[in-house]
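A.B. asks: If it helps, the file is called entry.cif and holds mmCIF, C-alpha atoms and all ligand atoms:
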```
data_model
#
loop_
_atom_site.label_atom_id
_atom_site.label_comp_id
_atom_site.auth_asym_id
_atom_site.auth_seq_id
_atom_site.Cartn_x
_atom_site.Cartn_y
_atom_site.Cartn_z
CA THR X 1 130.77 103.09 162.77
CA ARG X 2 128.46 102.16 165.63
CA PRO X 3 127.88 98.40 165.58
CA GLY X 4 124.47 97.22 164.45
CA THR X 5 123.48 100.61 163.14
CA ARG X 6 123.54 102.19 159.73
CA GLN X 7 126.34 104.53 158.68
CA ARG X 8 124.86 108.03 158.51
CA VAL X 9 126.15 109.81 155.40
CA ALA X 10 126.22 113.47 154.35
CA VAL X 11 126.76 113.96 150.61
CA LEU X 12 128.14 117.43 149.89
CA GLY X 13 127.87 118.27 146.20
CA ALA X 14 125.08 115.70 145.80
CA THR X 15 123.91 116.97 142.40
CA GLY X 16 127.32 116.66 140.74
CA SER X 17 128.88 113.75 138.91
CA ILE X 18 130.47 112.24 142.06
CA GLY X 19 127.44 113.13 144.21
CA GLU X 20 125.01 111.33 141.89
CA GLN X 21 127.24 108.26 141.68
CA THR X 22 127.56 108.24 145.48
CA LEU X 23 123.78 108.22 145.83
CA ASP X 24 123.65 105.38 143.31
CA VAL X 25 126.00 103.28 145.46
CA LEU X 26 124.20 104.24 148.69
CA ALA X 27 120.82 103.23 147.21
CA ARG X 28 122.22 99.72 146.63
CA HIS X 29 122.77 99.29 150.39
CA PRO X 30 119.77 100.56 152.33
CA GLN X 31 120.63 98.26 155.26
CA ARG X 32 124.09 99.67 155.56
CA PHE X 33 123.73 103.41 154.93
CA GLU X 34 121.34 106.19 155.74
CA VAL X 35 121.47 109.51 153.84
CA VAL X 36 121.18 112.30 156.43
CA ALA X 37 122.27 115.38 154.49
CA LEU X 38 122.48 116.50 150.86
CA SER X 39 123.87 119.73 149.42
CA ALA X 40 123.96 121.56 146.09
CA ALA X 41 124.99 125.00 144.90
CA ARG X 42 122.11 125.92 142.57
CA GLN X 43 120.25 122.87 141.26
CA VAL X 44 117.07 123.35 143.26
CA GLN X 45 114.85 120.91 141.34
CA ARG X 46 117.40 118.11 141.24
CA LEU X 47 118.14 118.48 144.96
CA ALA X 48 114.42 118.41 145.80
CA GLN X 49 114.05 115.26 143.73
CA GLN X 50 116.99 113.64 145.55
CA CYS X 51 115.36 114.62 148.86
CA ALA X 52 112.16 112.91 147.76
CA GLN X 53 114.09 109.72 147.09
CA HIS X 54 116.53 109.69 150.01
CA ARG X 55 114.61 111.58 152.73
CA PRO X 56 117.58 113.26 154.42
CA ARG X 57 117.23 115.23 157.62
CA TRP X 58 118.99 118.27 156.07
CA ALA X 59 119.22 119.81 152.60
CA VAL X 60 121.78 122.56 152.11
CA ILE X 61 121.67 125.06 149.24
CA SER X 62 123.21 128.48 148.42
CA ASP X 63 121.60 131.15 150.59
CA GLU X 64 119.77 132.83 147.70
CA HIS X 65 118.01 129.56 146.76
CA VAL X 66 116.73 128.57 150.20
CA ASP X 67 113.17 129.76 149.57
CA ALA X 68 113.07 128.15 146.14
CA LEU X 69 114.18 124.83 147.63
CA ARG X 70 111.50 125.00 150.34
CA ALA X 71 108.90 125.61 147.63
CA ALA X 72 110.23 122.75 145.50
CA LEU X 73 110.12 120.36 148.46
CA ALA X 74 106.50 121.36 149.03
CA ASP X 75 105.78 120.65 145.33
CA TRP X 76 107.33 117.21 145.73
CA ALA X 77 105.30 116.74 148.94
CA VAL X 78 108.50 116.09 150.89
CA GLU X 79 108.12 116.69 154.61
CA GLY X 80 110.63 116.59 157.45
CA VAL X 81 113.61 117.95 155.50
CA GLN X 82 115.20 120.96 157.12
CA VAL X 83 116.61 123.44 154.56
CA LEU X 84 119.85 125.17 155.56
CA PRO X 85 121.69 128.03 153.81
CA ALA X 86 125.13 126.96 152.55
CA SER X 87 126.96 129.85 154.24
CA THR X 88 126.49 128.12 157.62
CA GLY X 89 124.84 124.82 156.72
CA LEU X 90 127.75 123.07 154.96
CA VAL X 91 130.02 123.33 157.97
CA GLU X 92 127.13 122.53 160.29
CA VAL X 93 126.19 119.24 158.67
CA ALA X 94 129.85 118.26 158.10
CA ALA X 95 130.41 118.42 161.87
CA ALA X 96 126.95 117.32 163.10
CA PRO X 97 126.95 114.52 165.71
CA GLU X 98 124.21 112.81 163.65
CA VAL X 99 126.68 112.33 160.75
CA ASP X 100 129.29 109.54 160.64
CA THR X 101 130.58 109.92 157.09
CA VAL X 102 131.02 112.97 154.87
CA MET X 103 131.35 112.57 151.11
CA ALA X 104 133.22 115.71 150.03
CA ALA X 105 132.14 116.07 146.39
CA ILE X 106 131.98 119.85 146.06
CA VAL X 107 134.25 121.18 143.32
CA GLY X 108 137.04 123.63 144.13
CA ALA X 109 138.28 125.55 147.17
CA ALA X 110 134.61 126.15 148.10
CA GLY X 111 134.76 122.71 149.73
CA LEU X 112 137.65 123.54 152.07
CA ALA X 113 135.69 124.78 155.10
CA PRO X 114 133.30 121.80 155.27
CA CYS X 115 136.22 119.37 154.76
CA LEU X 116 138.08 120.95 157.67
CA ALA X 117 134.95 120.88 159.81
CA ALA X 118 134.49 117.16 159.10
CA ALA X 119 138.19 116.53 159.81
CA ARG X 120 138.09 118.33 163.14
CA ALA X 121 134.89 116.54 164.13
CA GLY X 122 136.57 113.16 163.54
CA LYS X 123 134.36 111.94 160.70
CA ARG X 124 135.07 109.39 158.05
CA LEU X 125 135.93 111.87 155.31
CA LEU X 126 135.63 110.59 151.74
CA LEU X 127 137.64 113.05 149.69
CA ALA X 128 136.72 113.57 146.05
CA ASN X 129 137.23 117.33 146.41
CA LYS X 130 140.99 117.27 145.73
CA GLU X 131 141.22 121.07 145.52
CA ALA X 132 140.43 121.30 149.25
CA LEU X 133 143.52 119.24 150.07
CA VAL X 134 145.68 121.08 147.54
CA VAL X 135 144.67 124.38 149.19
CA GLY X 136 144.80 123.10 152.77
CA GLY X 137 148.03 121.07 152.49
CA GLU X 138 149.75 120.26 155.80
CA PHE X 139 147.18 122.33 157.66
CA PHE X 140 144.40 120.05 156.37
CA ILE X 141 146.35 116.91 157.36
CA SER X 142 147.00 118.31 160.87
CA ALA X 143 143.25 118.86 161.27
CA VAL X 144 142.60 115.25 160.25
CA CYS X 145 145.12 114.00 162.84
CA ALA X 146 143.93 116.34 165.59
CA GLY X 147 140.30 115.40 165.01
CA GLY X 148 141.01 111.69 164.74
CA ALA X 149 139.23 111.64 161.38
CA GLN X 150 139.57 108.84 158.83
CA LEU X 151 140.58 110.37 155.52
CA LEU X 152 139.90 108.07 152.57
CA PRO X 153 140.62 109.02 148.95
CA ILE X 154 137.88 108.87 146.31
CA ASP X 155 140.01 110.05 143.39
CA SER X 156 140.47 106.81 141.41
CA GLU X 157 144.29 107.09 141.32
CA HIS X 158 144.59 107.66 145.06
CA SER X 159 142.10 104.92 145.83
CA ALA X 160 144.26 102.64 143.66
CA ILE X 161 147.42 103.62 145.52
CA PHE X 162 145.72 103.20 148.88
CA GLN X 163 144.62 99.71 147.83
CA ALA X 164 148.13 98.83 146.61
CA LEU X 165 149.95 100.12 149.72
CA PRO X 166 150.52 97.93 152.81
CA GLU X 167 147.87 98.27 155.49
CA ASP X 168 150.27 99.69 158.05
CA PRO X 169 151.31 103.26 157.07
CA SER X 170 154.37 103.12 159.34
CA THR X 171 155.94 100.64 156.87
CA TRP X 172 155.40 102.78 153.75
CA GLY X 173 158.61 104.82 154.07
CA GLU X 174 160.94 101.84 154.18
CA ARG X 175 159.08 99.50 151.81
CA VAL X 176 157.99 101.77 149.00
CA ASP X 177 160.24 103.07 146.26
CA LYS X 178 157.77 105.34 144.48
CA ILE X 179 154.17 105.76 143.51
CA VAL X 180 153.11 106.06 139.89
CA LEU X 181 149.94 107.95 138.98
CA THR X 182 148.37 107.04 135.67
CA ALA X 183 146.76 109.70 133.48
CA SER X 184 144.54 109.20 130.44
CA GLY X 185 146.04 112.17 128.59
CA GLY X 186 142.54 113.58 128.04
CA PRO X 187 140.92 114.54 124.74
CA PHE X 188 144.00 116.34 123.31
CA ARG X 189 146.66 113.69 123.84
CA GLN X 190 147.26 113.40 120.11
CA ARG X 191 146.13 116.78 118.87
CA ASP X 192 148.71 119.07 117.25
CA PRO X 193 149.84 121.34 120.15
CA ALA X 194 149.96 124.29 117.73
CA THR X 195 146.16 124.10 117.40
CA LEU X 196 145.37 124.10 121.14
CA GLY X 197 144.52 127.81 121.02
CA GLU X 198 141.35 127.07 119.05
CA VAL X 199 139.69 124.39 121.17
CA THR X 200 136.22 125.09 122.54
CA PRO X 201 134.89 124.31 126.03
CA GLU X 202 132.74 121.54 124.49
CA GLN X 203 135.79 119.88 122.95
CA ALA X 204 137.76 120.21 126.18
CA CYS X 205 134.92 118.67 128.21
CA ALA X 206 134.52 115.65 125.91
CA HIS X 207 136.70 113.22 127.87
CA PRO X 208 137.41 109.90 126.13
CA ASN X 209 136.94 107.63 129.19
CA TRP X 210 135.03 109.45 131.96
CA VAL X 211 131.93 111.66 132.18
CA MET X 212 132.72 114.30 134.81
CA GLY X 213 131.97 117.86 135.89
CA ARG X 214 133.20 120.65 133.59
CA LYS X 215 136.00 121.89 135.82
CA ILE X 216 137.75 118.53 136.22
CA SER X 217 137.16 117.81 132.52
CA VAL X 218 139.10 120.94 131.52
CA ASP X 219 141.77 120.01 134.09
CA SER X 220 142.08 116.59 132.45
CA ALA X 221 142.54 118.23 129.06
CA THR X 222 145.41 120.44 130.35
CA MET X 223 146.67 117.69 132.70
CA MET X 224 146.38 120.20 135.54
CA ASN X 225 144.15 117.51 137.04
CA LYS X 226 147.21 115.27 137.30
CA ALA X 227 149.25 118.16 138.76
CA LEU X 228 146.59 118.57 141.47
CA GLU X 229 146.68 114.81 142.01
CA VAL X 230 150.46 114.78 142.48
CA ILE X 231 149.98 117.40 145.22
CA GLU X 232 147.04 115.42 146.62
CA ALA X 233 149.18 112.25 146.74
CA ARG X 234 151.98 114.09 148.48
CA TYR X 235 149.70 115.20 151.32
CA LEU X 236 147.59 112.03 151.52
CA PHE X 237 150.45 109.54 151.65
CA GLY X 238 153.39 111.66 152.80
CA PHE X 239 155.84 110.65 150.06
CA ALA X 240 158.47 113.19 148.98
CA PRO X 241 157.54 114.83 145.65
CA GLU X 242 160.45 113.16 143.85
CA ARG X 243 158.99 109.76 144.75
CA ILE X 244 155.77 110.55 142.85
CA GLU X 245 155.70 109.90 139.10
CA VAL X 246 153.14 110.29 136.32
CA VAL X 247 152.69 108.08 133.27
CA ILE X 248 150.11 108.38 130.51
CA HIS X 249 147.90 105.32 130.10
CA PRO X 250 145.14 106.14 127.59
CA GLN X 251 142.87 103.16 128.38
CA SER X 252 142.28 104.14 132.06
CA VAL X 253 142.27 100.51 133.18
CA VAL X 254 145.34 100.60 135.44
CA HIS X 255 144.24 103.24 137.94
CA SER X 256 147.72 103.71 139.50
CA MET X 257 150.62 101.71 140.94
CA VAL X 258 153.03 101.39 143.82
CA GLN X 259 156.62 100.35 143.14
CA TYR X 260 158.35 98.67 146.07
CA ARG X 261 162.02 98.57 147.12
CA ASP X 262 162.57 95.26 145.37
CA ARG X 263 161.14 96.81 142.14
CA SER X 264 157.98 94.77 142.40
CA VAL X 265 154.99 96.83 141.21
CA VAL X 266 151.47 96.46 142.62
CA ALA X 267 148.70 98.03 140.52
CA GLN X 268 144.94 98.33 140.89
CA LEU X 269 142.82 97.71 137.77
CA GLY X 270 139.19 98.02 136.85
CA THR X 271 136.72 99.49 134.41
CA PRO X 272 136.70 103.31 134.51
CA ASP X 273 133.72 103.72 136.84
CA MET X 274 133.93 106.09 139.84
CA ARG X 275 131.46 103.93 141.76
CA VAL X 276 134.35 101.53 142.46
CA PRO X 277 136.46 104.00 144.50
CA ILE X 278 133.25 105.44 146.00
CA ALA X 279 132.12 101.99 147.17
CA TYR X 280 135.62 101.25 148.44
CA GLY X 281 135.62 104.41 150.59
CA LEU X 282 132.10 103.82 151.87
CA GLY X 283 132.68 100.16 152.68
CA TRP X 284 136.33 100.20 153.85
CA PRO X 285 137.75 97.99 155.25
CA GLN X 286 135.03 95.80 153.82
CA ARG X 287 134.20 95.45 150.12
CA ILE X 288 130.68 96.18 148.94
CA GLU X 289 128.80 95.98 145.63
CA SER X 290 129.46 99.09 143.50
CA GLY X 291 127.28 98.49 140.43
CA ALA X 292 130.32 98.66 138.13
CA GLU X 293 130.92 96.27 135.24
CA ALA X 294 133.77 93.79 135.63
CA LEU X 295 136.76 94.02 133.31
CA ASP X 296 136.33 91.76 130.30
CA TRP X 297 139.79 90.35 129.58
CA THR X 298 138.67 88.87 126.28
CA ARG X 299 137.83 92.34 124.95
CA LEU X 300 140.41 94.44 126.73
CA GLY X 301 143.07 94.66 124.03
CA ALA X 302 146.34 96.46 124.62
CA LEU X 303 147.25 98.45 127.72
CA THR X 304 149.75 101.09 126.68
CA PHE X 305 151.93 103.59 128.54
CA GLU X 306 153.84 106.70 127.45
CA ALA X 307 155.68 109.65 128.98
CA PRO X 308 153.78 112.96 129.21
CA ASP X 309 154.99 115.57 126.70
CA PRO X 310 156.16 118.83 128.38
CA GLN X 311 155.29 120.87 125.26
CA ARG X 312 151.71 119.68 125.24
CA PHE X 313 151.16 119.49 129.01
CA PRO X 314 153.43 122.13 130.62
CA GLY X 315 151.08 122.52 133.60
CA LEU X 316 151.90 119.08 134.96
CA TRP X 317 155.37 120.23 136.07
CA LEU X 318 153.91 123.04 138.18
CA ALA X 319 153.00 120.41 140.79
CA TRP X 320 156.60 119.64 141.76
CA GLU X 321 157.50 123.34 141.54
CA ALA X 322 154.71 124.31 143.90
CA LEU X 323 155.59 121.49 146.31
CA GLN X 324 159.23 122.68 146.50
CA ALA X 325 158.11 126.28 147.16
CA PRO X 326 157.03 127.64 150.59
CA PRO X 327 153.74 126.43 152.15
CA GLY X 328 150.74 128.17 150.62
CA THR X 329 152.11 127.94 147.08
CA THR X 330 149.91 124.96 146.19
CA ALA X 331 146.91 127.09 147.26
CA VAL X 332 148.04 129.85 144.89
CA LEU X 333 148.37 127.36 142.05
CA ASN X 334 144.90 126.01 142.74
CA ALA X 335 143.32 129.48 142.88
CA ALA X 336 145.02 130.50 139.63
CA ASN X 337 143.84 127.36 137.91
CA GLU X 338 140.24 127.69 139.14
CA VAL X 339 140.18 131.24 137.74
CA ALA X 340 141.84 130.28 134.46
CA VAL X 341 139.43 127.36 133.89
CA GLU X 342 136.45 129.56 134.72
CA ALA X 343 137.71 132.21 132.29
CA PHE X 344 138.19 129.56 129.59
CA LEU X 345 134.69 128.14 130.13
CA GLN X 346 133.27 131.67 129.91
CA GLY X 347 135.05 132.25 126.59
CA LEU X 348 137.39 134.89 128.06
CA LEU X 349 140.63 132.95 127.75
CA ARG X 350 142.14 130.65 125.15
CA PHE X 351 142.72 127.07 126.22
CA ASP X 352 146.47 127.27 125.59
CA ARG X 353 146.72 130.33 127.85
CA ILE X 354 145.42 128.57 130.97
CA HIS X 355 149.01 127.56 131.70
CA ARG X 356 150.26 131.10 131.14
CA VAL X 357 147.82 132.43 133.76
CA ASN X 358 148.84 129.73 136.24
CA ARG X 359 152.55 130.35 135.83
CA ALA X 360 152.21 134.15 135.84
CA THR X 361 150.11 134.04 139.03
CA LEU X 362 152.73 131.87 140.77
CA GLU X 363 155.38 134.39 139.75
CA ALA X 364 153.37 137.49 140.68
CA TYR X 365 152.12 136.41 144.09
CA THR X 366 154.21 135.07 146.99
CA PRO X 367 152.05 133.77 149.81
CA THR X 368 152.64 134.15 153.53
CA PRO X 369 152.59 130.62 155.01
CA PRO X 370 149.01 130.00 156.19
CA ALA X 371 148.30 129.03 159.81
CA SER X 372 144.50 129.05 159.93
CA LEU X 373 141.41 128.58 157.80
CA ASP X 374 141.07 132.37 157.64
CA ASP X 375 144.65 132.66 156.36
CA LEU X 376 143.89 130.06 153.69
CA LEU X 377 140.68 131.77 152.61
CA ALA X 378 142.44 135.16 152.44
CA LEU X 379 145.29 133.64 150.45
CA ASP X 380 142.80 132.02 148.07
CA ARG X 381 140.96 135.34 147.60
CA GLU X 382 144.14 137.34 146.96
CA ALA X 383 145.57 134.76 144.56
CA ARG X 384 142.27 134.80 142.62
CA ALA X 385 142.44 138.58 142.25
CA VAL X 386 145.98 138.31 140.89
CA ALA X 387 144.90 135.51 138.56
CA TRP X 388 142.05 137.59 137.11
CA GLN X 389 144.59 140.34 136.34
CA GLN X 390 146.66 137.74 134.52
CA VAL X 391 143.55 136.59 132.61
CA ARG X 392 142.97 140.14 131.40
CA ARG X 393 146.61 140.42 130.40
CA ALA X 394 146.66 137.04 128.64
CA ALA X 395 143.42 137.84 126.82
CA GLN X 396 144.90 140.95 125.16
P1 LIG X 401 130.39 118.63 139.41
O1 LIG X 401 130.60 119.97 138.83
O2 LIG X 401 129.69 117.60 138.60
O3 LIG X 401 129.62 118.74 140.81
C1 LIG X 401 129.99 119.67 141.78
C2 LIG X 401 128.99 119.66 142.94
O4 LIG X 401 129.38 120.68 143.87
C3 LIG X 401 127.56 120.01 142.53
O5 LIG X 401 126.67 119.33 143.39
C4 LIG X 401 127.47 121.50 142.77
O6 LIG X 401 126.14 121.92 143.05
C5 LIG X 401 128.35 121.66 144.00
N1 LIG X 401 129.03 122.97 144.05
C6 LIG X 401 129.68 123.59 143.04
N2 LIG X 401 130.19 124.77 143.45
C7 LIG X 401 129.85 124.90 144.75
C8 LIG X 401 130.07 125.92 145.71
N3 LIG X 401 130.74 127.04 145.43
N4 LIG X 401 129.58 125.73 146.96
C9 LIG X 401 128.88 124.60 147.28
N5 LIG X 401 128.65 123.61 146.39
C10 LIG X 401 129.13 123.75 145.14
O7 LIG X 401 131.85 118.09 139.83
P2 LIG X 401 132.35 116.58 139.94
O8 LIG X 401 132.87 116.12 138.64
O9 LIG X 401 131.34 115.75 140.65
O10 LIG X 401 133.62 116.77 140.89
C11 LIG X 401 133.51 117.01 142.27
C12 LIG X 401 134.89 116.88 142.91
O11 LIG X 401 135.32 115.52 142.76
C13 LIG X 401 135.95 117.75 142.23
O12 LIG X 401 136.86 118.21 143.19
C14 LIG X 401 136.64 116.77 141.29
O13 LIG X 401 137.98 117.12 141.05
C15 LIG X 401 136.57 115.48 142.07
N6 LIG X 401 136.62 114.28 141.24
C16 LIG X 401 135.66 114.05 140.31
C17 LIG X 401 135.71 112.91 139.51
C18 LIG X 401 134.65 112.60 138.51
O14 LIG X 401 134.70 111.54 137.89
N7 LIG X 401 133.66 113.45 138.31
C19 LIG X 401 136.80 112.01 139.67
C20 LIG X 401 137.76 112.28 140.62
C21 LIG X 401 137.67 113.42 141.41
MG MG X 402 141.64 111.20 139.35
#
```
For this file, produce the structure as structure tokens.

C.D. replies:
Amino acid sequence: TRPGTRQRVAVLGATGSIGEQTLDVLARHPQRFEVVALSAARQVQRLAQQCAQHRPRWAVISDEHVDALRAALADWAVEGVQVLPASTGLVEVAAAPEVDTVMAAIVGAAGLAPCLAAARAGKRLLLANKEALVVGGEFFISAVCAGGAQLLPIDSEHSAIFQALPEDPSTWGERVDKIVLTASGGPFRQRDPATLGEVTPEQACAHPNWVMGRKISVDSATMMNKALEVIEARYLFGFAPERIEVVIHPQSVVHSMVQYRDRSVVAQLGTPDMRVPIAYGLGWPQRIESGAEALDWTRLGALTFEAPDPQRFPGLWLAWEALQAPPGTTAVLNAANEVAVEAFLQGLLRFDRIHRVNRATLEAYTPTPPASLDDLLALDREARAVAWQQVRRAAQ
């Protein structure tokens, strides 16, 4: 950050759950941050409203909604906001010299290109969009290093681990025994696994502890979210897959832990409020007000832990499988899962067959190791086509 000036922030995926909470934190610190770009896929009215409040220089929206957004901005009497089509605008604002910090809060592989652009341009990159890292893998991390970018996790578990790790990454290998990701277990932690074929999208999206976008909510219900997070942790922190563990912790108070060589465990705790990791990423290495409630120890009750059940959550184990397989396999897993979740939300696939589609796609499609963004996008496209075939097969 340039001394004495405000941090200039681009919020990609501004109308989503993470995007809205990011704007909430930013609005608490007008002296510290300036919103310079906002993006959304389709929510024209909400984006125009956000522009009226935050007055960014750029607003990015899917190409087909550009005219509608211009009209909405005129209705809101907002002047001075330049509207860009997403096909070029996302990458443009992510790399713009007028941007210091990029909040990557788009959902899915759609966020990969802007993340890479921000990485190459050396931005502070706040990564909520875990799918981008799961798809990009080592290639993504190389871009971060080459661009001199600062990659900070927003996922609550990874923020917790980052806070519990020593400051100097060169000491991690020798000091740390393993990292332990906590998982809530989602809405079906105690449901009879035999009845998982009947659950509706509404039931799957009703998370006990967090209000989130629909895709990550379904992922939490299958625990594919935790599988993606194991892969995310592997690339973010560089630990071997066998040094990453998952434990179910239904209260979502312990956000994750680091176990050291001497068996000492350092954990990060807090109320389940994404504004805490968002504020941490925005303020790092300082600490800034997030708006979250403090933990109330007098009302907390028991913190419990249990092992994840392979019968109920078979998808979790795909993370380690994909990490042992050749590069590109984590991108195949992500593509399959995005398709399977979409099919489930559309009523085309039973909830308990999401895993079948993921596994069948991994078996049916062997990727060529990717060496460029184009390779990754092609791989993603091909894996999606295979996954849709598997959806049709599983739906019969
Ligand atoms: P969401 O569905 O609420 O919001 C997604 C945002 O991305 C919206 O602004 C939407 O307009 C935009 N978007 C969607 N598809 C797009 C596309 N194809 N191109 C461009 N923009 C697109 O999702 P969310 O819950 O805010 O999650 C965002 C990301 O953060 C996900 O990767 C999720 O895994 C991660 N995350 C979310 C939470 C949470 O609490 N919500 C926690 C941890 C990590
Ligand atoms: Mg998480």

A.B. asks: I'd like a table as JSON lines: residues in stretch 93-186 of chain X with an atom no more than 9 Å from stretch 226-231 of chain X, each row giving the shortest atom pair and its distance in Å to one decimal, all atoms listed in the file counted, sorted by chain and rising residue number.

C.D. replies:
```
{"residue": "X:Lys130", "atom": "CA", "partner": "X:Leu228", "partner_atom": "CA", "distance": 7.2}
{"residue": "X:Glu131", "atom": "CA", "partner": "X:Leu228", "partner_atom": "CA", "distance": 7.2}
{"residue": "X:Leu133", "atom": "CA", "partner": "X:Ile231", "partner_atom": "CA", "distance": 8.3}
{"residue": "X:Val134", "atom": "CA", "partner": "X:Ile231", "partner_atom": "CA", "distance": 6.1}
{"residue": "X:Gly137", "atom": "CA", "partner": "X:Ile231", "partner_atom": "CA", "distance": 8.4}
{"residue": "X:Asp155", "atom": "CA", "partner": "X:Glu229", "partner_atom": "CA", "distance": 8.3}
{"residue": "X:Glu157", "atom": "CA", "partner": "X:Glu229", "partner_atom": "CA", "distance": 8.1}
{"residue": "X:His158", "atom": "CA", "partner": "X:Glu229", "partner_atom": "CA", "distance": 8.0}
{"residue": "X:Leu181", "atom": "CA", "partner": "X:Val230", "partner_atom": "CA", "distance": 7.7}
{"residue": "X:Thr182", "atom": "CA", "partner": "X:Lys226", "partner_atom": "CA", "distance": 8.5}
{"residue": "X:Ala183", "atom": "CA", "partner": "X:Lys226", "partner_atom": "CA", "distance": 6.8}
```

A.B. asks: Those same residues - C-alpha atoms - I'd like them written as a PDB file, in the coordinates of the input.

C.D. replies:
```pdb
ATOM      1  CA  LYS X 130     140.990 117.270 145.730  1.00  0.00           C
ATOM      2  CA  GLU X 131     141.220 121.070 145.520  1.00  0.00           C
ATOM      3  CA  LEU X 133     143.520 119.240 150.070  1.00  0.00           C
ATOM      4  CA  VAL X 134     145.680 121.080 147.540  1.00  0.00           C
ATOM      5  CA  GLY X 137     148.030 121.070 152.490  1.00  0.00           C
ATOM      6  CA  ASP X 155     140.010 110.050 143.390  1.00  0.00           C
ATOM      7  CA  GLU X 157     144.290 107.090 141.320  1.00  0.00           C
ATOM      8  CA  HIS X 158     144.590 107.660 145.060  1.00  0.00           C
ATOM      9  CA  LEU X 181     149.940 107.950 138.980  1.00  0.00           C
ATOM     10  CA  THR X 182     148.370 107.040 135.670  1.00  0.00           C
ATOM     11  CA  ALA X 183     146.760 109.700 133.480  1.00  0.00           C
TER      12      ALA X 183
END
```

A.B. asks: Which protein, DNA or RNA residues have an atom within 7 Å of ligand LIG 401 (chain X), counting all atoms listed in the file, as an MDAnalysis selection string?

C.D. replies: chainID X and resid 12:19 39:43 62 86 105:108 110:111 128:131 154:156 210:216 274

A.B. asks: Using only C-alpha atoms and all ligand atoms, which of X:Val254, X:Val176, X:Leu112, X:Leu23 sits nearest ligand MG 402 (chain X)?

C.D. replies: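 Closest residue, counting only C-alpha atoms and all ligand atoms: X:Val254.
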
A.B. asks: Which polymer residues have any atom within 12 Å of an atom of X:Val144, counting all atoms listed in the file, with same-chain residues fewer than 4 positions away left out, as a list in words?

C.D. replies: Cys115, Leu116, Ala117, Ala118, Ala119, Arg120, Ala121, Gly122, Lys123, Arg124, Leu125, Leu126, Leu127, Leu133, Gly136, Gly137, Glu138, Phe139, Phe140, Gly148, Ala149, Gln150, Leu151, Leu152, Tyr235 and Leu236 of chain X

A.B. asks: Could those residues be written to a file, using C-alpha atoms, as a PDB file, in the coordinates of the input?

C.D. replies:
```
ATOM      1  CA  CYS X 115     136.220 119.370 154.760  1.00  0.00           C
ATOM      2  CA  LEU X 116     138.080 120.950 157.670  1.00  0.00           C
ATOM      3  CA  ALA X 117     134.950 120.880 159.810  1.00  0.00           C
ATOM      4  CA  ALA X 118     134.490 117.160 159.100  1.00  0.00           C
ATOM      5  CA  ALA X 119     138.190 116.530 159.810  1.00  0.00           C
ATOM      6  CA  ARG X 120     138.090 118.330 163.140  1.00  0.00           C
ATOM      7  CA  ALA X 121     134.890 116.540 164.130  1.00  0.00           C
ATOM      8  CA  GLY X 122     136.570 113.160 163.540  1.00  0.00           C
ATOM      9  CA  LYS X 123     134.360 111.940 160.700  1.00  0.00           C
ATOM     10  CA  ARG X 124     135.070 109.390 158.050  1.00  0.00           C
ATOM     11  CA  LEU X 125     135.930 111.870 155.310  1.00  0.00           C
ATOM     12  CA  LEU X 126     135.630 110.590 151.740  1.00  0.00           C
ATOM     13  CA  LEU X 127     137.640 113.050 149.690  1.00  0.00           C
ATOM     14  CA  LEU X 133     143.520 119.240 150.070  1.00  0.00           C
ATOM     15  CA  GLY X 136     144.800 123.100 152.770  1.00  0.00           C
ATOM     16  CA  GLY X 137     148.030 121.070 152.490  1.00  0.00           C
ATOM     17  CA  GLU X 138     149.750 120.260 155.800  1.00  0.00           C
ATOM     18  CA  PHE X 139     147.180 122.330 157.660  1.00  0.00           C
ATOM     19  CA  PHE X 140     144.400 120.050 156.370  1.00  0.00           C
ATOM     20  CA  GLY X 148     141.010 111.690 164.740  1.00  0.00           C
ATOM     21  CA  ALA X 149     139.230 111.640 161.380  1.00  0.00           C
ATOM     22  CA  GLN X 150     139.570 108.840 158.830  1.00  0.00           C
ATOM     23  CA  LEU X 151     140.580 110.370 155.520  1.00  0.00           C
ATOM     24  CA  LEU X 152     139.900 108.070 152.570  1.00  0.00           C
ATOM     25  CA  TYR X 235     149.700 115.200 151.320  1.00  0.00           C
ATOM     26  CA  LEU X 236     147.590 112.030 151.520  1.00  0.00           C
TER      27      LEU X 236
END
```

A.B. asks: Determine, counting only C-alpha atoms, which protein, DNA and RNA residues have an atom within 8 Å of an atom of X:Ile354; residues of the same chain fewer than 6 positions away are not included. Present the result as a PyMOL selection string.

C.D. replies: chain X and resi 337+340-341+344

A.B. asks: Record the distance separating atom CA of X:Asp177 and atom CA of X:Met257, expressed in Å with one decimal.

C.D. replies: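 If I compute the distance from atom CA of X:Asp177 to atom CA of X:Met257, I get 11.1 Å.
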
A.B. asks: To one decimal in Å, tell me the separation between atom CA of X:Pro114 and atom CA of X:Val391.

C.D. replies: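 If I compute the distance from atom CA of X:Pro114 to atom CA of X:Val391, I get 28.9 Å.
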
A.B. asks: Tell me which protein, DNA and RNA residues are within 12 Å of X:Arg70, counting all atoms listed in the file, leaving out same-chain ones fewer than 3 positions away, and put them as a ChimeraX atom specification.

C.D. replies: /X:44-45,47-48,51,58-61,63-67,73-85

A.B. asks: Give as a ChimeraX atom specification every residue, naming chains and numbers as the document does, that has an atom within 10 Å of (149.8, 119.5, 123.2), counting all atoms listed in the file.

C.D. replies: /X:185,188-196,221-222,308-314,352

A.B. asks: Go through X:Ala71, X:Leu165, X:Ala233, X:Val93 one by one, measure the shortest atom-to-atom distance of each to ligand MG 402 (chain X) using only C-alpha atoms and all ligand atoms, and give the residue with the smallest value.

C.D. replies: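 Comparing X:Ala71, X:Leu165, X:Ala233, X:Val93 against ligand MG 402 (chain X), the winner is X:Ala233.
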